[in-house]
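Before any comments, here is the structure.
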Amino acid sequence: MVLFAIVAAYRLAIKQQNLNEAARSDVSHLITRFKPVMLEVNAKRIQLAAHFSAVVGTLIWGYGDLLG
């Protein structure tokens, strides 16, 4: 669960970085101030789920033996 969350968050971070680099290189000569491109709503939901899964997975990993 934790590994899945880390991989999902990493892939979304790479996607965000690629979007920002593409936006910066394509229109940098047209604008003086760079505004980062934001991920779409579904990606934000996936990112939130990945962070939640990382927290829950870490708690289960750390304290799972105390439940039984």
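In the structure tokens, chains take letters A, B, ... by order of appearance, with residues numbered from 1 within each chain and ligands from 1 in the order shown.
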Quiz item: Could you pull the residues within 12 Å of Tyr10 in chain A, counting only C-alpha atoms, minus those fewer than 5 positions along the same chain, as a list in words?
Solution: Leu3, Phe4, Ala5, Lys15, Gln16, Gln17, Ile46, Gln47, Ala50 and His51 of chain A
Output of the above residues as a compact mmCIF listing (two decimals), in the first residue's frame, restricted to C-alpha atoms:
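For reference, selection-v6.txt as written:
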```txt
# COMPACT_ATOMS: atom_id res chain seq x y z
CA LEU A 3 4.81 1.46 -2.17
CA PHE A 4 1.78 2.03 -4.42
CA ALA A 5 1.24 5.46 -2.88
CA LYS A 15 3.83 14.65 -14.95
CA GLN A 16 3.48 18.05 -13.25
CA GLN A 17 7.15 18.81 -13.87
CA ILE A 46 -5.35 10.55 -7.43
CA GLN A 47 -2.66 12.56 -5.67
CA ALA A 50 -2.00 8.45 -2.87
CA HIS A 51 -1.13 10.63 0.11
```
Quiz item: What's the 10 Å shell around Val55 in chain A, counting only C-alpha atoms, without same-chain residues fewer than 5 positions away, as number ranges by chain?
Solution: A: 1-2, 5, 49-50, 60-61
Quiz item: Which distance in Å separates CA of Arg45 in chain A and CA of Ala22 in chain A, to one decimal?
Solution: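 Value for the CA of Arg45 in chain A-CA of Ala22 in chain A distance: 22.7 Å.
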Quiz item: CA of Glu40 in chain A and CA of Val56 in chain A, how far apart in Å?
Solution: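 The value is 24.6 Å.
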